[in-house]
Amino acid sequence: MFNNIFQNKKVLVTGNTGFKGSWLTLWLLKLGANITGISKDIPTNPSLFKALKLQKKIEHHFIDVKEIKKLRKIIFSTQPDFIFHLAAQPIVSESYKNPIETISSNSIGTTNLLQIMCDIDWKCSALLVTSDKCYENIEKSAGYKETDKLGGKDIYSSSKAAAEIFISSYFRTFLNSKDNLTLAVGRAGNVIGGGDWARDRLVVDCMKAWGKNRPVSIRNPLSTRPWQHVLEPLSGYLHLANLIYQSRELNGEAFNFGPNQDDILNVESLIKKLSKKFELNKSYKIIESNDFPESGLLQLDIGKAKKLLRWQPVLNTSEMIESVSDWYFNFFKKNVDLMELTLKQIEIYEFKASKSKLPWSNL
């Protein structure tokens with residue numbers, strides 16, 4: 001996989017205790033990487049990071065990426081070959097309660113890493129993860145392209161757009177001229193998968209309710225999102241990191257990673273499909289809520305990733321939903337080894353990618 005590029009490589013993952021960070025850490029371990037993780041805490045309880053006992057398998061540091069001196073010390077003592085930057089305040093609703101913390105984590109934290117990268121003098125490639133919400137959402141039916149306007153009506157979105165602007169500025173001002181360093185940006189939509197326990201996220205709300213045989217409360221049943229299994233964007237991040245490590249051709253580029261246009265679901269459709277395994281009498285109820293405004297339509301155009309990276313989604317909608325529901329169903333209903341279950345899902349994903357002859361899936 002990935003030309004075995006990560007075998008015995010030193011890899012730094014920020015935000016490694018989160019949902020996506022835990023899946024990425026496990027996949028990198030499977031690929032033979034030596035991992036250093038940085039995060040300020042374990043953000044949820046339950047926690048996939050804890051369930052997989054990842055802290056015993058990597059070198060881990062509890063620090064905040066806003067602490068630039070501590071961050072610099074770890075990076076320079078480790079001298080990683082790869083950096084995957086996922087550390088962020090990831091919850092939209094939280095940005096309404098703590099806007100300063102959201103801006104500090106998502107914008108200043110990223111800028112701290114960029115400033116440190118200016119001084120890196122060994123070969124290193126960095127993949128910086130932002131969000132599909134970095135685009136100025138005008139509720140258009142076509143997916144947003146990497147060339148579309150950045151922006152945000154809410155603090156979370158604007159913090160991601162600001163991070164993108166800082167990345168672009170640092171790249172053009174300082175980093176593009178460094179022959180030993182390359183970077184790229186990954187923008188992903190609504191990522192779902194087993195082991196996500198973050199609050200105010202639809203699938204998590206579903207699983208917590210269904211685990212108690214209760215219907216989940218939803219606000220906007222017709223809202224659409226680019227739902228995708230967590231392994232989809234992670235395969236894109238790993239593939240892109242591999243490419244920029246071997247060549248400067250895509251240095252500084254940003255890429256969208258999302259589902260195919262015909263696999264986009266609204267909230268109600270997703271819930272109906274997810275709930276089948278749980279055999280509930282009533283899986284959801286619609287409530288009125290004015291907690292915070294949400295966009296009704298959000299889609300990504302993944303044409304650039306398909307063309308330049310030859311990347312594409314591996315799982316169709318049914319396969320994605322089966323993987324997600326199976327993970328949680330086993331968590332609630334059976335006494336299973338979660339490490340074995342999660343690794344098995346990675347292996348199945350790799351196998352399906354190889355059958356599709358995707359360039360990163362060379363076995």
# chains A, B, ... in the order shown; residues from 1 in each chain; ligands from 1
>>> closest_atom_pairs(of="region 46-131 of chain A", to="region 256-263 of chain A", cutoff="12 Å", atoms="only C-alpha atoms", output="Markdown table")
| residue | atom | partner | partner_atom | distance |
| --- | --- | --- | --- | --- |
| A:Val129 | CA | A:Asn256 | CA | 10.3 |
| A:Thr130 | CA | A:Asn256 | CA | 9.9 |
| A:Ser131 | CA | A:Asn256 | CA | 8.8 |
>>> residues_around(residues="Ala126 (chain A)", least_positions_apart="5", cutoff="8 Å", atoms="only C-alpha atoms", output="PyMOL selection string")
chain A and resi 82-85+181-184+241
>>> write_last_selection(atoms="C-alpha atoms", output="compact mmCIF listing (two decimals), in the first residue's frame")
# COMPACT_ATOMS: atom_id res chain seq x y z
CA PHE A 82 5.85 13.13 7.46
CA ILE A 83 3.53 15.45 9.35
CA PHE A 84 -0.24 14.96 9.33
CA HIS A 85 -1.90 17.98 10.93
CA LEU A 181 10.01 20.47 2.35
CA THR A 182 6.67 19.96 0.64
CA LEU A 183 3.11 20.47 1.81
CA ALA A 184 -0.43 19.95 0.61
CA ALA A 241 1.48 12.73 1.28
>>> closest_residue(among="A:Leu113, A:Ser318, A:Gly193, A:Tyr156", to="Phe76 (chain A)", atoms="only C-alpha atoms")
A:Leu113
>>> closest_atom_pairs(of="region 131-196 of chain A", to="region 33-51 of chain A", cutoff="9 Å", atoms="only C-alpha atoms", output="CSV")
residue,atom,partner,partner_atom,distance
A:Gly194,CA,A:Leu48,CA,8.4
A:Gly195,CA,A:Leu48,CA,5.0
A:Asp196,CA,A:Leu48,CA,7.1
>>> select_by_dssp(residues="region 130-185 of chain A", states="strand (DSSP E or B)", output="PyMOL selection string")
chain A and resi 135+144+150+181-185
>>> write_last_selection(atoms="N, CA and C atoms", output="PDB file, in the first residue's frame")
ATOM      1  N   TYR A 135     -15.212  26.792   2.488  1.00  0.00           N
ATOM      2  CA  TYR A 135     -15.763  27.521   1.351  1.00  0.00           C
ATOM      3  C   TYR A 135     -16.888  28.463   1.777  1.00  0.00           C
ATOM      4  N   TYR A 144     -18.464  22.346  -4.525  1.00  0.00           N
ATOM      5  CA  TYR A 144     -17.452  23.397  -4.468  1.00  0.00           C
ATOM      6  C   TYR A 144     -16.111  22.873  -4.968  1.00  0.00           C
ATOM      7  N   LEU A 150     -13.158  31.225  -0.595  1.00  0.00           N
ATOM      8  CA  LEU A 150     -13.141  30.822   0.806  1.00  0.00           C
ATOM      9  C   LEU A 150     -13.980  31.789   1.626  1.00  0.00           C
ATOM     10  N   LEU A 181      11.330  20.531   1.736  1.00  0.00           N
ATOM     11  CA  LEU A 181      10.011  20.467   2.352  1.00  0.00           C
ATOM     12  C   LEU A 181       8.904  20.628   1.311  1.00  0.00           C
ATOM     13  N   THR A 182       7.864  19.819   1.459  1.00  0.00           N
ATOM     14  CA  THR A 182       6.668  19.960   0.636  1.00  0.00           C
ATOM     15  C   THR A 182       5.435  19.908   1.525  1.00  0.00           C
ATOM     16  N   LEU A 183       4.358  20.514   1.049  1.00  0.00           N
ATOM     17  CA  LEU A 183       3.114  20.470   1.806  1.00  0.00           C
ATOM     18  C   LEU A 183       1.935  20.427   0.843  1.00  0.00           C
ATOM     19  N   ALA A 184       0.823  19.954   1.342  1.00  0.00           N
ATOM     20  CA  ALA A 184      -0.431  19.951   0.605  1.00  0.00           C
ATOM     21  C   ALA A 184      -1.575  20.027   1.607  1.00  0.00           C
ATOM     22  N   VAL A 185      -2.764  20.347   1.103  1.00  0.00           N
ATOM     23  CA  VAL A 185      -3.937  20.537   1.956  1.00  0.00           C
ATOM     24  C   VAL A 185      -5.019  19.552   1.559  1.00  0.00           C
TER      25      VAL A 185
END
>>> select_by_dssp(residues="region 171-322 of chain A", states="helix (DSSP H, G or I)", output="PDB file with C-alpha atoms, in the first residue's frame")
ATOM      1  CA  PHE A 171       3.661  28.650   1.357  1.00  0.00           C
ATOM      2  CA  ARG A 172       4.079  31.492  -1.130  1.00  0.00           C
ATOM      3  CA  THR A 173       6.171  33.653   1.199  1.00  0.00           C
ATOM      4  CA  PHE A 174       8.464  31.144   2.935  1.00  0.00           C
ATOM      5  CA  LEU A 175       7.926  27.462   2.227  1.00  0.00           C
ATOM      6  CA  LEU A 202     -25.555  13.097  13.570  1.00  0.00           C
ATOM      7  CA  VAL A 203     -24.259   9.521  13.491  1.00  0.00           C
ATOM      8  CA  VAL A 204     -23.011   9.739  17.076  1.00  0.00           C
ATOM      9  CA  ASP A 205     -26.395  11.063  18.225  1.00  0.00           C
ATOM     10  CA  CYS A 206     -28.043   8.168  16.379  1.00  0.00           C
ATOM     11  CA  MET A 207     -25.842   5.522  17.937  1.00  0.00           C
ATOM     12  CA  LYS A 208     -26.167   6.879  21.456  1.00  0.00           C
ATOM     13  CA  ALA A 209     -29.949   6.940  21.123  1.00  0.00           C
ATOM     14  CA  TRP A 210     -30.260   3.562  19.402  1.00  0.00           C
ATOM     15  CA  LEU A 231     -11.136   5.718   5.439  1.00  0.00           C
ATOM     16  CA  GLU A 232     -12.019   7.587   2.234  1.00  0.00           C
ATOM     17  CA  PRO A 233     -10.364  10.930   3.066  1.00  0.00           C
ATOM     18  CA  LEU A 234      -7.606   9.158   4.984  1.00  0.00           C
ATOM     19  CA  SER A 235      -6.676   7.220   1.848  1.00  0.00           C
ATOM     20  CA  GLY A 236      -6.550  10.556   0.053  1.00  0.00           C
ATOM     21  CA  TYR A 237      -4.333  12.118   2.726  1.00  0.00           C
ATOM     22  CA  LEU A 238      -1.922   9.170   2.717  1.00  0.00           C
ATOM     23  CA  HIS A 239      -1.813   9.013  -1.072  1.00  0.00           C
ATOM     24  CA  LEU A 240      -1.236  12.759  -1.407  1.00  0.00           C
ATOM     25  CA  ALA A 241       1.477  12.734   1.283  1.00  0.00           C
ATOM     26  CA  ASN A 242       3.214   9.916  -0.584  1.00  0.00           C
ATOM     27  CA  LEU A 243       3.112  11.862  -3.865  1.00  0.00           C
ATOM     28  CA  ILE A 244       4.494  15.109  -2.463  1.00  0.00           C
ATOM     29  CA  TYR A 245       7.248  13.196  -0.636  1.00  0.00           C
ATOM     30  CA  GLN A 246       8.429  11.743  -3.946  1.00  0.00           C
ATOM     31  CA  GLN A 261     -22.169  13.102  -6.632  1.00  0.00           C
ATOM     32  CA  ASP A 262     -24.716  10.286  -6.887  1.00  0.00           C
ATOM     33  CA  ASP A 263     -23.824   8.986  -3.403  1.00  0.00           C
ATOM     34  CA  VAL A 267     -30.159  13.376   6.804  1.00  0.00           C
ATOM     35  CA  GLU A 268     -33.417  11.405   6.735  1.00  0.00           C
ATOM     36  CA  SER A 269     -32.181   8.932   4.104  1.00  0.00           C
ATOM     37  CA  LEU A 270     -28.935   8.332   5.967  1.00  0.00           C
ATOM     38  CA  ILE A 271     -30.752   7.621   9.231  1.00  0.00           C
ATOM     39  CA  LYS A 272     -33.206   5.203   7.631  1.00  0.00           C
ATOM     40  CA  LYS A 273     -30.375   3.199   6.077  1.00  0.00           C
ATOM     41  CA  LEU A 274     -28.196   3.243   9.203  1.00  0.00           C
ATOM     42  CA  SER A 275     -30.969   2.099  11.508  1.00  0.00           C
ATOM     43  CA  LYS A 276     -31.920  -1.131   9.674  1.00  0.00           C
ATOM     44  CA  LYS A 277     -29.457  -3.309  11.587  1.00  0.00           C
ATOM     45  CA  PHE A 278     -30.834  -2.047  14.918  1.00  0.00           C
ATOM     46  CA  GLY A 303     -12.759  16.212  -9.942  1.00  0.00           C
ATOM     47  CA  LYS A 304      -9.279  17.552  -9.187  1.00  0.00           C
ATOM     48  CA  ALA A 305      -8.402  14.585  -6.938  1.00  0.00           C
ATOM     49  CA  LYS A 306      -9.733  12.173  -9.552  1.00  0.00           C
ATOM     50  CA  LYS A 307      -7.712  13.784 -12.339  1.00  0.00           C
ATOM     51  CA  LEU A 308      -4.399  14.641 -10.684  1.00  0.00           C
ATOM     52  CA  LEU A 309      -4.217  11.965  -7.970  1.00  0.00           C
ATOM     53  CA  THR A 317     -23.324   4.247  -0.094  1.00  0.00           C
ATOM     54  CA  SER A 318     -24.471   0.771   0.956  1.00  0.00           C
ATOM     55  CA  GLU A 319     -20.930  -0.355   1.798  1.00  0.00           C
ATOM     56  CA  MET A 320     -20.260   2.827   3.775  1.00  0.00           C
ATOM     57  CA  ILE A 321     -23.436   2.446   5.819  1.00  0.00           C
ATOM     58  CA  GLU A 322     -22.834  -1.269   6.407  1.00  0.00           C
TER      59      GLU A 322
END
>>> residues_around(residues="region 103-109 of chain A", least_positions_apart="6", cutoff="7 Å", atoms="only C-alpha atoms", output="ChimeraX atom specification")
/A:65-66,88-89,159-160,162-163
>>> write_last_selection(atoms="N, CA and C atoms", output="compact mmCIF listing (two decimals), in the first residue's frame")
# COMPACT_ATOMS: atom_id res chain seq x y z
N VAL A 65 -1.40 22.53 20.34
CA VAL A 65 -0.64 23.10 19.21
C VAL A 65 -0.54 24.62 19.30
N LYS A 66 -1.30 25.24 20.19
CA LYS A 66 -1.16 26.68 20.40
C LYS A 66 0.11 27.01 21.18
N ALA A 88 -7.48 20.24 15.86
CA ALA A 88 -8.44 21.31 15.61
C ALA A 88 -9.57 21.24 16.63
N GLN A 89 -10.34 22.32 16.71
CA GLN A 89 -11.62 22.30 17.41
C GLN A 89 -12.63 21.94 16.32
N SER A 159 -12.91 30.10 10.68
CA SER A 159 -11.62 29.70 11.25
C SER A 159 -10.88 28.76 10.30
N LYS A 160 -11.62 27.92 9.59
CA LYS A 160 -11.02 27.02 8.61
C LYS A 160 -10.58 27.78 7.37
N ALA A 162 -9.69 30.91 7.37
CA ALA A 162 -8.50 31.67 7.79
C ALA A 162 -7.26 30.80 7.80
N ALA A 163 -7.40 29.55 8.28
CA ALA A 163 -6.28 28.62 8.26
C ALA A 163 -5.79 28.40 6.84
>>> closest_residue(among="A:Cys118, A:Ile165, A:Val191, A:Ile68", to="Asp179 (chain A)", atoms="only C-alpha atoms")
A:Cys118
>>> closest_residue(among="A:Leu298, A:Leu86, A:Leu31, A:Ile75", to="Asn3 (chain A)", atoms="only C-alpha atoms")
A:Leu31
>>> closest_residue(among="A:Lys30, A:Leu315, A:Thr111, A:Leu338", to="Ser169 (chain A)", atoms="only C-alpha atoms")
A:Thr111
>>> residues_around(residues="Lys140 (chain A)", least_positions_apart="2", cutoff="12 Å", atoms="only C-alpha atoms", output="number ranges by chain")
A: 135-138, 142-145, 148, 224, 295-301
>>> atom_distance(atom1="CA of Pro359 (chain A)", atom2="CA of Val314 (chain A)")
12.0 Å
>>> closest_residue(among="A:Asn330, A:Tyr170, A:Cys124, A:Ser95", to="Val11 (chain A)", atoms="only C-alpha atoms")
A:Cys124
>>> decode(residues="region 73-112 of chain A", atoms="N, CA and C atoms", output="short mmCIF file (atom, residue, chain, number, x, y, z; two decimals), in the first residue's frame")
data_model
loop_
_atom_site.label_atom_id
_atom_site.label_comp_id
_atom_site.auth_asym_id
_atom_site.auth_seq_id
_atom_site.Cartn_x
_atom_site.Cartn_y
_atom_site.Cartn_z
N LYS A 73 9.75 21.99 20.03
CA LYS A 73 10.70 21.08 20.69
C LYS A 73 10.44 19.64 20.26
N ILE A 74 9.17 19.24 20.21
CA ILE A 74 8.85 17.86 19.82
C ILE A 74 9.18 17.61 18.36
N ILE A 75 8.84 18.55 17.50
CA ILE A 75 9.11 18.37 16.07
C ILE A 75 10.60 18.28 15.81
N PHE A 76 11.39 19.12 16.45
CA PHE A 76 12.82 19.11 16.18
C PHE A 76 13.54 17.94 16.85
N SER A 77 13.00 17.45 17.94
CA SER A 77 13.61 16.26 18.55
C SER A 77 13.23 14.99 17.78
N THR A 78 12.07 14.99 17.17
CA THR A 78 11.59 13.83 16.41
C THR A 78 12.11 13.82 14.98
N GLN A 79 12.15 15.01 14.36
CA GLN A 79 12.53 15.17 12.95
C GLN A 79 11.74 14.21 12.05
N PRO A 80 10.42 14.39 12.00
CA PRO A 80 9.58 13.46 11.25
C PRO A 80 9.77 13.57 9.73
N ASP A 81 9.59 12.44 9.06
CA ASP A 81 9.59 12.43 7.60
C ASP A 81 8.26 12.96 7.07
N PHE A 82 7.19 12.69 7.83
CA PHE A 82 5.85 13.13 7.46
C PHE A 82 5.18 13.80 8.65
N ILE A 83 4.38 14.83 8.35
CA ILE A 83 3.53 15.45 9.35
C ILE A 83 2.10 15.43 8.82
N PHE A 84 1.18 14.89 9.63
CA PHE A 84 -0.24 14.96 9.33
C PHE A 84 -0.88 15.85 10.40
N HIS A 85 -1.36 17.00 9.97
CA HIS A 85 -1.90 17.98 10.93
C HIS A 85 -3.42 17.92 10.95
N LEU A 86 -3.96 17.27 12.00
CA LEU A 86 -5.40 17.15 12.16
C LEU A 86 -5.91 17.88 13.39
N ALA A 87 -5.03 18.37 14.24
CA ALA A 87 -5.44 19.01 15.49
C ALA A 87 -6.34 20.21 15.21
N ALA A 88 -7.48 20.24 15.86
CA ALA A 88 -8.44 21.31 15.61
C ALA A 88 -9.57 21.24 16.63
N GLN A 89 -10.34 22.32 16.71
CA GLN A 89 -11.62 22.30 17.41
C GLN A 89 -12.63 21.94 16.32
N PRO A 90 -13.15 20.69 16.29
CA PRO A 90 -13.86 20.20 15.12
C PRO A 90 -15.39 20.33 15.15
N ILE A 91 -15.96 20.87 16.22
CA ILE A 91 -17.42 20.84 16.38
C ILE A 91 -18.01 22.22 16.10
N VAL A 92 -18.92 22.28 15.12
CA VAL A 92 -19.53 23.55 14.73
C VAL A 92 -20.26 24.19 15.90
N SER A 93 -21.07 23.41 16.62
CA SER A 93 -21.85 23.97 17.73
C SER A 93 -20.95 24.56 18.81
N GLU A 94 -19.78 23.95 19.02
CA GLU A 94 -18.85 24.45 20.04
C GLU A 94 -18.32 25.82 19.66
N SER A 95 -18.22 26.10 18.37
CA SER A 95 -17.69 27.39 17.93
C SER A 95 -18.61 28.55 18.32
N TYR A 96 -19.90 28.26 18.50
CA TYR A 96 -20.83 29.29 18.96
C TYR A 96 -20.65 29.59 20.45
N LYS A 97 -20.22 28.58 21.19
CA LYS A 97 -20.04 28.75 22.63
C LYS A 97 -18.65 29.29 22.96
N ASN A 98 -17.65 28.86 22.19
CA ASN A 98 -16.26 29.26 22.45
C ASN A 98 -15.58 29.69 21.15
N PRO A 99 -15.97 30.86 20.64
CA PRO A 99 -15.41 31.31 19.36
C PRO A 99 -13.90 31.58 19.41
N ILE A 100 -13.41 32.13 20.51
CA ILE A 100 -11.99 32.45 20.59
C ILE A 100 -11.15 31.18 20.58
N GLU A 101 -11.59 30.15 21.32
CA GLU A 101 -10.88 28.88 21.35
C GLU A 101 -10.88 28.23 19.97
N THR A 102 -12.00 28.32 19.27
CA THR A 102 -12.09 27.75 17.92
C THR A 102 -11.12 28.43 16.97
N ILE A 103 -11.08 29.76 17.01
CA ILE A 103 -10.17 30.51 16.15
C ILE A 103 -8.72 30.21 16.52
N SER A 104 -8.43 30.17 17.82
CA SER A 104 -7.07 29.90 18.27
C SER A 104 -6.59 28.53 17.83
N SER A 105 -7.43 27.50 18.02
CA SER A 105 -7.04 26.14 17.66
C SER A 105 -6.90 25.97 16.16
N ASN A 106 -7.91 26.41 15.42
CA ASN A 106 -7.97 26.12 14.01
C ASN A 106 -7.09 27.03 13.15
N SER A 107 -6.94 28.27 13.56
CA SER A 107 -6.16 29.22 12.77
C SER A 107 -4.75 29.41 13.32
N ILE A 108 -4.66 29.77 14.60
CA ILE A 108 -3.35 30.04 15.21
C ILE A 108 -2.55 28.75 15.38
N GLY A 109 -3.22 27.67 15.77
CA GLY A 109 -2.52 26.39 15.90
C GLY A 109 -1.87 25.97 14.60
N THR A 110 -2.60 26.12 13.50
CA THR A 110 -2.05 25.80 12.18
C THR A 110 -0.90 26.73 11.83
N THR A 111 -1.05 28.01 12.15
CA THR A 111 0.01 28.99 11.86
C THR A 111 1.27 28.68 12.65
N ASN A 112 1.12 28.22 13.88
CA ASN A 112 2.30 27.83 14.67
C ASN A 112 3.08 26.73 13.96
#
